[in-house]
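All remarks here apply to the structure that follows.
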Amino acid sequence: MVVSAADSLTLADGTSHPTGFWAEEVVESVRVLREAGVEVTLATPGGVVPTVDKASLDGTFDEAVASLEDLRAPVSLSSVRAADFDAVYLPGGHGPMADLASDATLGGLLAAFHDGGKLVAALCHGPAGLLSAVREDGTFVFAGKEMAVFSDEEERQGGLDVPYSVAGRLAELGARLRTGEPWSSTVVVDGRLVTGQNPQSTVATAERVASLLA
């Protein structure tokens, strides 16, 4: 599981907004996967201890975030080899828009997973990380793939003036977006790519990943 190490996002108006990973998407994904017998390793760029988006803490996941030891000692993304894992999973929060979207190390890793026929999963704003997967010849690794991502309508309803549309950039690169109703549990599976639209899709996304790894 690759978690953003960003703690802020520069908004469209140039101001800095505190962000990080979305608590539910990490906590519940880890819970579902581990309960299904999947071994989970958390990694961040540089092995930086990730920051939780305080907007995702409402008393429901506070204790779970605090008790998840993996978050206090993630491995460095640069040390991860695709050969050592069966899947890569990108949870969201706005953090991935700030760092994972342009992380060349992640891009190479995603290409290796895809080319090796391994499972790639991304949730909510996690698909921003897929934007990093552009080959040297300029082609997008996931071009033509059907996927879900936090929608522009959900972004508008959320009220944050983000610097770019993740959905729009994915579409520009050739992804085929399938969008459910705002805040609905929507999961899209295209071959070995599993994507969920929003936090409400967390459990269903993790369950689908677990079933494909079984």
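By convention in this document, the chains of the structure tokens carry letters A, B, ... by their order, each chain's residues are numbered from 1, and ligands are numbered from 1 in the order they are shown.
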Could you pull the residues within 8 Å of A:Asp190, counting only C-alpha atoms, minus those fewer than 2 positions along the same chain, as an MDAnalysis selection string?
chainID A and resid 145:147 188 192:194
Convert the current residue selection to file output with all heavy atoms, as a PDB file, in the first residue's frame.
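Okay, this is what ended up in out_9.pdb:
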ATOM      1  N   LYS A 145      -7.902   1.808 -20.174  1.00  0.00           N
ATOM      2  CA  LYS A 145      -8.464   1.090 -19.042  1.00  0.00           C
ATOM      3  C   LYS A 145      -9.665   1.837 -18.476  1.00  0.00           C
ATOM      4  O   LYS A 145      -9.666   3.066 -18.371  1.00  0.00           O
ATOM      5  CB  LYS A 145      -7.411   0.923 -17.941  1.00  0.00           C
ATOM      6  CG  LYS A 145      -6.317  -0.084 -18.272  1.00  0.00           C
ATOM      7  CD  LYS A 145      -6.863  -1.496 -18.236  1.00  0.00           C
ATOM      8  CE  LYS A 145      -5.773  -2.524 -18.383  1.00  0.00           C
ATOM      9  NZ  LYS A 145      -6.321  -3.902 -18.334  1.00  0.00           N
ATOM     10  N   GLU A 146     -10.679   1.075 -18.095  1.00  0.00           N
ATOM     11  CA  GLU A 146     -11.849   1.652 -17.461  1.00  0.00           C
ATOM     12  C   GLU A 146     -11.571   1.794 -15.970  1.00  0.00           C
ATOM     13  O   GLU A 146     -11.038   0.876 -15.339  1.00  0.00           O
ATOM     14  CB  GLU A 146     -13.068   0.759 -17.696  1.00  0.00           C
ATOM     15  CG  GLU A 146     -14.380   1.403 -17.264  1.00  0.00           C
ATOM     16  CD  GLU A 146     -15.578   0.552 -17.637  1.00  0.00           C
ATOM     17  OE1 GLU A 146     -15.551  -0.661 -17.366  1.00  0.00           O
ATOM     18  OE2 GLU A 146     -16.542   1.102 -18.190  1.00  0.00           O
ATOM     19  N   MET A 147     -11.915   2.941 -15.404  1.00  0.00           N
ATOM     20  CA  MET A 147     -11.617   3.152 -13.988  1.00  0.00           C
ATOM     21  C   MET A 147     -12.566   4.155 -13.357  1.00  0.00           C
ATOM     22  O   MET A 147     -13.231   4.936 -14.042  1.00  0.00           O
ATOM     23  CB  MET A 147     -10.169   3.633 -13.811  1.00  0.00           C
ATOM     24  CG  MET A 147      -9.849   4.978 -14.444  1.00  0.00           C
ATOM     25  SD  MET A 147      -8.101   5.463 -14.222  1.00  0.00           S
ATOM     26  CE  MET A 147      -7.263   4.293 -15.303  1.00  0.00           C
ATOM     27  N   VAL A 188     -14.835  -0.264  -9.946  1.00  0.00           N
ATOM     28  CA  VAL A 188     -14.674  -0.677 -11.346  1.00  0.00           C
ATOM     29  C   VAL A 188     -13.487  -1.626 -11.432  1.00  0.00           C
ATOM     30  O   VAL A 188     -12.409  -1.334 -10.908  1.00  0.00           O
ATOM     31  CB  VAL A 188     -14.436   0.545 -12.262  1.00  0.00           C
ATOM     32  CG1 VAL A 188     -14.148   0.096 -13.696  1.00  0.00           C
ATOM     33  CG2 VAL A 188     -15.639   1.478 -12.219  1.00  0.00           C
ATOM     34  N   ARG A 192      -6.732  -6.480 -14.403  1.00  0.00           N
ATOM     35  CA  ARG A 192      -6.033  -6.494 -13.112  1.00  0.00           C
ATOM     36  C   ARG A 192      -5.968  -5.105 -12.484  1.00  0.00           C
ATOM     37  O   ARG A 192      -5.134  -4.842 -11.624  1.00  0.00           O
ATOM     38  CB  ARG A 192      -4.618  -7.052 -13.299  1.00  0.00           C
ATOM     39  CG  ARG A 192      -4.582  -8.461 -13.868  1.00  0.00           C
ATOM     40  CD  ARG A 192      -5.184  -9.471 -12.911  1.00  0.00           C
ATOM     41  NE  ARG A 192      -4.308  -9.761 -11.777  1.00  0.00           N
ATOM     42  CZ  ARG A 192      -4.662 -10.512 -10.725  1.00  0.00           C
ATOM     43  NH1 ARG A 192      -5.890 -10.989 -10.639  1.00  0.00           N
ATOM     44  NH2 ARG A 192      -3.792 -10.743  -9.752  1.00  0.00           N
ATOM     45  N   LEU A 193      -6.864  -4.210 -12.913  1.00  0.00           N
ATOM     46  CA  LEU A 193      -6.954  -2.872 -12.341  1.00  0.00           C
ATOM     47  C   LEU A 193      -8.275  -2.739 -11.588  1.00  0.00           C
ATOM     48  O   LEU A 193      -9.344  -2.945 -12.159  1.00  0.00           O
ATOM     49  CB  LEU A 193      -6.874  -1.813 -13.440  1.00  0.00           C
ATOM     50  CG  LEU A 193      -7.030  -0.357 -12.987  1.00  0.00           C
ATOM     51  CD1 LEU A 193      -5.866   0.069 -12.090  1.00  0.00           C
ATOM     52  CD2 LEU A 193      -7.142   0.580 -14.199  1.00  0.00           C
ATOM     53  N   VAL A 194      -8.171  -2.388 -10.299  1.00  0.00           N
ATOM     54  CA  VAL A 194      -9.356  -2.212  -9.457  1.00  0.00           C
ATOM     55  C   VAL A 194      -9.351  -0.777  -8.940  1.00  0.00           C
ATOM     56  O   VAL A 194      -8.362  -0.327  -8.364  1.00  0.00           O
ATOM     57  CB  VAL A 194      -9.347  -3.169  -8.252  1.00  0.00           C
ATOM     58  CG1 VAL A 194     -10.587  -2.948  -7.380  1.00  0.00           C
ATOM     59  CG2 VAL A 194      -9.280  -4.618  -8.714  1.00  0.00           C
TER      60      VAL A 194
END
Polymer residues at most 12 Å from A:Glu69, only C-alpha atoms, same-chain spacing of 4 or more positions, as a CSV table (one decimal) with N, CA and C atoms, in the first residue's frame:
chain,number,residue,atom,x,y,z
A,27,VAL,N,-7.3,2.9,7.0
A,27,VAL,CA,-7.6,2.0,8.1
A,27,VAL,C,-8.5,0.9,7.6
A,30,VAL,N,-6.8,-1.6,5.1
A,30,VAL,CA,-5.9,-2.5,5.8
A,30,VAL,C,-6.6,-3.5,6.6
A,40,VAL,N,0.0,-6.9,4.4
A,40,VAL,CA,0.1,-5.6,3.9
A,40,VAL,C,1.3,-4.9,4.4
A,41,THR,N,2.1,-4.3,3.5
A,41,THR,CA,3.2,-3.4,3.8
A,41,THR,C,2.9,-2.0,3.4
A,42,LEU,N,3.1,-1.1,4.3
A,42,LEU,CA,2.8,0.4,3.9
A,42,LEU,C,4.2,1.0,3.5
A,49,VAL,N,7.0,9.4,7.5
A,49,VAL,CA,5.7,9.1,8.3
A,49,VAL,C,4.6,10.0,7.7
A,50,PRO,N,3.5,9.3,7.2
A,50,PRO,CA,2.5,10.1,6.6
A,50,PRO,C,1.6,10.9,7.5
A,63,GLU,N,-8.7,6.6,16.8
A,63,GLU,CA,-8.0,5.6,17.6
A,63,GLU,C,-7.4,4.6,16.7
A,64,ALA,N,-8.1,4.2,15.6
A,64,ALA,CA,-7.5,3.2,14.6
A,64,ALA,C,-6.3,3.7,14.0
A,65,VAL,N,-6.3,5.0,13.6
A,65,VAL,CA,-5.1,5.6,13.0
A,65,VAL,C,-4.0,5.6,14.0
A,73,ALA,N,6.0,3.7,10.9
A,73,ALA,CA,7.3,3.2,10.3
A,73,ALA,C,7.1,2.6,8.9
A,74,PRO,N,6.7,3.4,8.0
A,74,PRO,CA,6.5,2.9,6.6
A,74,PRO,C,7.9,2.7,6.0
Please list as a VMD selection string every residue within 12 Å of A:Met97, counting only C-alpha atoms and excluding residues in the same chain fewer than 4 positions away.
chain A and resid 3 to 11 19 to 21 90 to 93 101 to 103 124 to 132 150 162 to 167 169
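With only C-alpha atoms as the basis for measurement, A:Gly144 is the residue among A:Gly144, A:Thr51, A:Gly14, A:His94 that approaches A:Gly174 most closely.
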Using only C-alpha atoms for the distances, tell me which of A:Val2, A:Ser151, A:Val26, A:Leu106 is nearest to A:Asp62.
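Result for the nearest residue to A:Asp62: A:Val26.
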Could you pull out the strand (DSSP E) residues of stretch 8-144 of chain A, going by DSSP on the backbone, and write them as a ChimeraX atom specification?
/A:8-10,16-18,43-44,75-76,87-90,119-123
The selected residues should be written to file as a PDB file, in the first residue's frame (atoms: N, CA and C atoms).
ATOM      1  N   SER A   8       0.401  18.945   2.563  1.00  0.00           N
ATOM      2  CA  SER A   8      -0.302  20.137   2.078  1.00  0.00           C
ATOM      3  C   SER A   8      -0.499  20.037   0.573  1.00  0.00           C
ATOM      4  N   LEU A   9      -1.469  20.783   0.084  1.00  0.00           N
ATOM      5  CA  LEU A   9      -1.772  20.851  -1.339  1.00  0.00           C
ATOM      6  C   LEU A   9      -1.939  22.314  -1.717  1.00  0.00           C
ATOM      7  N   THR A  10      -1.236  22.730  -2.767  1.00  0.00           N
ATOM      8  CA  THR A  10      -1.392  24.100  -3.254  1.00  0.00           C
ATOM      9  C   THR A  10      -2.661  24.178  -4.090  1.00  0.00           C
ATOM     10  N   SER A  16      -2.040  27.427   0.353  1.00  0.00           N
ATOM     11  CA  SER A  16      -1.679  26.086   0.799  1.00  0.00           C
ATOM     12  C   SER A  16      -2.772  25.548   1.714  1.00  0.00           C
ATOM     13  N   HIS A  17      -3.188  24.315   1.432  1.00  0.00           N
ATOM     14  CA  HIS A  17      -4.253  23.677   2.216  1.00  0.00           C
ATOM     15  C   HIS A  17      -3.695  22.433   2.887  1.00  0.00           C
ATOM     16  N   PRO A  18      -3.869  22.280   4.206  1.00  0.00           N
ATOM     17  CA  PRO A  18      -3.364  21.073   4.870  1.00  0.00           C
ATOM     18  C   PRO A  18      -4.099  19.840   4.382  1.00  0.00           C
ATOM     19  N   ALA A  43       4.091   1.779   2.409  1.00  0.00           N
ATOM     20  CA  ALA A  43       5.263   2.492   1.903  1.00  0.00           C
ATOM     21  C   ALA A  43       4.879   3.929   1.599  1.00  0.00           C
ATOM     22  N   THR A  44       5.836   4.830   1.750  1.00  0.00           N
ATOM     23  CA  THR A  44       5.653   6.236   1.376  1.00  0.00           C
ATOM     24  C   THR A  44       6.903   6.719   0.667  1.00  0.00           C
ATOM     25  N   VAL A  75       7.893   1.758   4.979  1.00  0.00           N
ATOM     26  CA  VAL A  75       9.127   1.530   4.216  1.00  0.00           C
ATOM     27  C   VAL A  75       9.222   2.608   3.146  1.00  0.00           C
ATOM     28  N   SER A  76      10.418   2.821   2.641  1.00  0.00           N
ATOM     29  CA  SER A  76      10.613   3.809   1.580  1.00  0.00           C
ATOM     30  C   SER A  76      10.163   3.237   0.248  1.00  0.00           C
ATOM     31  N   ALA A  87       0.469  -7.212  -5.369  1.00  0.00           N
ATOM     32  CA  ALA A  87      -0.428  -6.113  -5.703  1.00  0.00           C
ATOM     33  C   ALA A  87       0.122  -4.812  -5.146  1.00  0.00           C
ATOM     34  N   VAL A  88      -0.323  -3.718  -5.722  1.00  0.00           N
ATOM     35  CA  VAL A  88      -0.038  -2.392  -5.183  1.00  0.00           C
ATOM     36  C   VAL A  88      -1.369  -1.667  -5.038  1.00  0.00           C
ATOM     37  N   TYR A  89      -1.527  -0.942  -3.927  1.00  0.00           N
ATOM     38  CA  TYR A  89      -2.820  -0.354  -3.564  1.00  0.00           C
ATOM     39  C   TYR A  89      -2.585   1.102  -3.183  1.00  0.00           C
ATOM     40  N   LEU A  90      -3.311   2.020  -3.820  1.00  0.00           N
ATOM     41  CA  LEU A  90      -3.133   3.451  -3.587  1.00  0.00           C
ATOM     42  C   LEU A  90      -4.402   4.047  -2.972  1.00  0.00           C
ATOM     43  N   LEU A 119      -1.735  -7.157  -9.773  1.00  0.00           N
ATOM     44  CA  LEU A 119      -2.900  -6.348  -9.451  1.00  0.00           C
ATOM     45  C   LEU A 119      -2.501  -4.921  -9.076  1.00  0.00           C
ATOM     46  N   VAL A 120      -3.211  -3.946  -9.628  1.00  0.00           N
ATOM     47  CA  VAL A 120      -3.062  -2.534  -9.285  1.00  0.00           C
ATOM     48  C   VAL A 120      -4.421  -2.041  -8.810  1.00  0.00           C
ATOM     49  N   ALA A 121      -4.437  -1.386  -7.633  1.00  0.00           N
ATOM     50  CA  ALA A 121      -5.696  -0.865  -7.096  1.00  0.00           C
ATOM     51  C   ALA A 121      -5.500   0.574  -6.649  1.00  0.00           C
ATOM     52  N   ALA A 122      -6.537   1.382  -6.814  1.00  0.00           N
ATOM     53  CA  ALA A 122      -6.474   2.786  -6.399  1.00  0.00           C
ATOM     54  C   ALA A 122      -7.864   3.235  -5.979  1.00  0.00           C
ATOM     55  N   LEU A 123      -7.901   4.104  -4.969  1.00  0.00           N
ATOM     56  CA  LEU A 123      -9.165   4.472  -4.343  1.00  0.00           C
ATOM     57  C   LEU A 123      -9.287   5.976  -4.190  1.00  0.00           C
TER      58      LEU A 123
END
Please return as a PyMOL selection string: the residues of stretch 46-108 of chain A that backbone DSSP assigns to helix (DSSP H, G or I).
chain A and resi 46-47+54-56+62-67+69-72+77-79+82-84+95-98+100-102+104-108
Put those residues in a file: N, CA and C atoms, as an mmCIF file, in the first residue's frame.
data_model
loop_
_atom_site.group_PDB
_atom_site.id
_atom_site.type_symbol
_atom_site.label_atom_id
_atom_site.label_comp_id
_atom_site.auth_asym_id
_atom_site.auth_seq_id
_atom_site.Cartn_x
_atom_site.Cartn_y
_atom_site.Cartn_z
ATOM 1 N N GLY A 46 10.207 8.210 0.289
ATOM 2 C CA GLY A 46 11.244 8.522 1.256
ATOM 3 C C GLY A 46 11.065 7.880 2.612
ATOM 4 N N GLY A 47 10.054 7.029 2.770
ATOM 5 C CA GLY A 47 9.796 6.432 4.071
ATOM 6 C C GLY A 47 9.303 7.440 5.095
ATOM 7 N N LYS A 54 -6.771 15.823 8.768
ATOM 8 C CA LYS A 54 -7.587 15.988 9.972
ATOM 9 C C LYS A 54 -9.083 16.056 9.653
ATOM 10 N N ALA A 55 -9.420 16.422 8.430
ATOM 11 C CA ALA A 55 -10.831 16.447 8.049
ATOM 12 C C ALA A 55 -11.444 15.055 8.032
ATOM 13 N N SER A 56 -10.595 14.028 7.989
ATOM 14 C CA SER A 56 -11.103 12.653 7.949
ATOM 15 C C SER A 56 -11.207 12.038 9.338
ATOM 16 N N ASP A 62 -10.073 7.927 14.652
ATOM 17 C CA ASP A 62 -8.944 8.509 15.369
ATOM 18 C C ASP A 62 -8.093 7.439 16.058
ATOM 19 N N GLU A 63 -8.744 6.588 16.833
ATOM 20 C CA GLU A 63 -8.029 5.567 17.589
ATOM 21 C C GLU A 63 -7.378 4.557 16.654
ATOM 22 N N ALA A 64 -8.079 4.199 15.581
ATOM 23 C CA ALA A 64 -7.543 3.220 14.639
ATOM 24 C C ALA A 64 -6.285 3.747 13.957
ATOM 25 N N VAL A 65 -6.292 5.037 13.584
ATOM 26 C CA VAL A 65 -5.105 5.635 12.974
ATOM 27 C C VAL A 65 -3.955 5.637 13.967
ATOM 28 N N ALA A 66 -4.245 6.008 15.195
ATOM 29 C CA ALA A 66 -3.202 6.085 16.221
ATOM 30 C C ALA A 66 -2.600 4.724 16.538
ATOM 31 N N SER A 67 -3.396 3.669 16.391
ATOM 32 C CA SER A 67 -2.923 2.332 16.760
ATOM 33 C C SER A 67 -2.322 1.549 15.593
ATOM 34 N N GLU A 69 0.398 0.678 13.662
ATOM 35 C CA GLU A 69 1.844 0.852 13.795
ATOM 36 C C GLU A 69 2.534 1.084 12.464
ATOM 37 N N ASP A 70 1.999 0.504 11.401
ATOM 38 C CA ASP A 70 2.624 0.643 10.077
ATOM 39 C C ASP A 70 2.774 2.106 9.674
ATOM 40 N N LEU A 71 1.842 2.950 10.114
ATOM 41 C CA LEU A 71 1.881 4.362 9.748
ATOM 42 C C LEU A 71 3.048 5.093 10.405
ATOM 43 N N ARG A 72 3.566 4.528 11.498
ATOM 44 C CA ARG A 72 4.683 5.170 12.193
ATOM 45 C C ARG A 72 6.038 4.722 11.675
ATOM 46 N N LEU A 77 9.429 4.020 -0.496
ATOM 47 C CA LEU A 77 8.932 3.576 -1.795
ATOM 48 C C LEU A 77 10.068 3.127 -2.704
ATOM 49 N N SER A 78 11.218 3.760 -2.592
ATOM 50 C CA SER A 78 12.354 3.416 -3.460
ATOM 51 C C SER A 78 12.908 2.030 -3.180
ATOM 52 N N SER A 79 12.565 1.455 -2.028
ATOM 53 C CA SER A 79 13.067 0.116 -1.689
ATOM 54 C C SER A 79 12.121 -0.993 -2.138
ATOM 55 N N ALA A 82 8.628 -4.693 -7.398
ATOM 56 C CA ALA A 82 7.386 -5.348 -7.815
ATOM 57 C C ALA A 82 7.473 -6.863 -7.668
ATOM 58 N N ALA A 83 8.671 -7.418 -7.842
ATOM 59 C CA ALA A 83 8.842 -8.872 -7.764
ATOM 60 C C ALA A 83 8.515 -9.423 -6.386
ATOM 61 N N ASP A 84 8.543 -8.558 -5.376
ATOM 62 C CA ASP A 84 8.324 -9.015 -4.001
ATOM 63 C C ASP A 84 6.864 -8.966 -3.567
ATOM 64 N N GLY A 95 -3.716 14.148 -0.631
ATOM 65 C CA GLY A 95 -2.265 14.053 -0.656
ATOM 66 C C GLY A 95 -1.669 13.530 -1.953
ATOM 67 N N PRO A 96 -2.205 12.447 -2.538
ATOM 68 C CA PRO A 96 -1.621 11.919 -3.777
ATOM 69 C C PRO A 96 -1.549 12.932 -4.918
ATOM 70 N N MET A 97 -2.451 13.928 -4.913
ATOM 71 C CA MET A 97 -2.410 14.959 -5.946
ATOM 72 C C MET A 97 -1.136 15.788 -5.850
ATOM 73 N N ALA A 98 -0.597 15.891 -4.614
ATOM 74 C CA ALA A 98 0.568 16.734 -4.378
ATOM 75 C C ALA A 98 1.881 16.024 -4.634
ATOM 76 N N LEU A 100 2.265 11.885 -5.224
ATOM 77 C CA LEU A 100 2.278 10.632 -5.986
ATOM 78 C C LEU A 100 2.012 10.842 -7.470
ATOM 79 N N ALA A 101 1.257 11.868 -7.810
ATOM 80 C CA ALA A 101 0.898 12.113 -9.216
ATOM 81 C C ALA A 101 2.120 12.335 -10.098
ATOM 82 N N SER A 102 3.213 12.778 -9.511
ATOM 83 C CA SER A 102 4.422 13.069 -10.302
ATOM 84 C C SER A 102 5.635 12.298 -9.800
ATOM 85 N N ALA A 104 8.210 9.660 -10.025
ATOM 86 C CA ALA A 104 8.759 8.782 -11.058
ATOM 87 C C ALA A 104 8.993 7.369 -10.540
ATOM 88 N N THR A 105 9.370 7.254 -9.265
ATOM 89 C CA THR A 105 9.584 5.928 -8.684
ATOM 90 C C THR A 105 8.287 5.136 -8.679
ATOM 91 N N LEU A 106 7.212 5.793 -8.271
ATOM 92 C CA LEU A 106 5.907 5.132 -8.294
ATOM 93 C C LEU A 106 5.518 4.780 -9.713
ATOM 94 N N GLY A 107 5.761 5.693 -10.655
ATOM 95 C CA GLY A 107 5.417 5.424 -12.046
ATOM 96 C C GLY A 107 6.097 4.174 -12.574
ATOM 97 N N GLY A 108 7.365 4.020 -12.263
ATOM 98 C CA GLY A 108 8.080 2.828 -12.692
ATOM 99 C C GLY A 108 7.549 1.576 -12.034
#
Which residues are near A:Gly196? Cut-off 6 Å, only C-alpha atoms, ignore same chain within fewer than 3 positions. Put them as an NGL selection string.
:A and (123-124 or 148 or 186-187 or 201 or 205)
For A:Val32, please output as a ChimeraX atom specification all residues within 12 Å (counting only C-alpha atoms; exclusion window: fewer than 4 positions along the same chain).
/A:24-28,36-40,202-211
Using only C-alpha atoms, which of the listed residues (A:Leu160, A:Leu110, A:Leu212, A:Leu177) sits closest to A:Gly191?
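Using only C-alpha atoms, A:Gly191 sits closest to A:Leu212.
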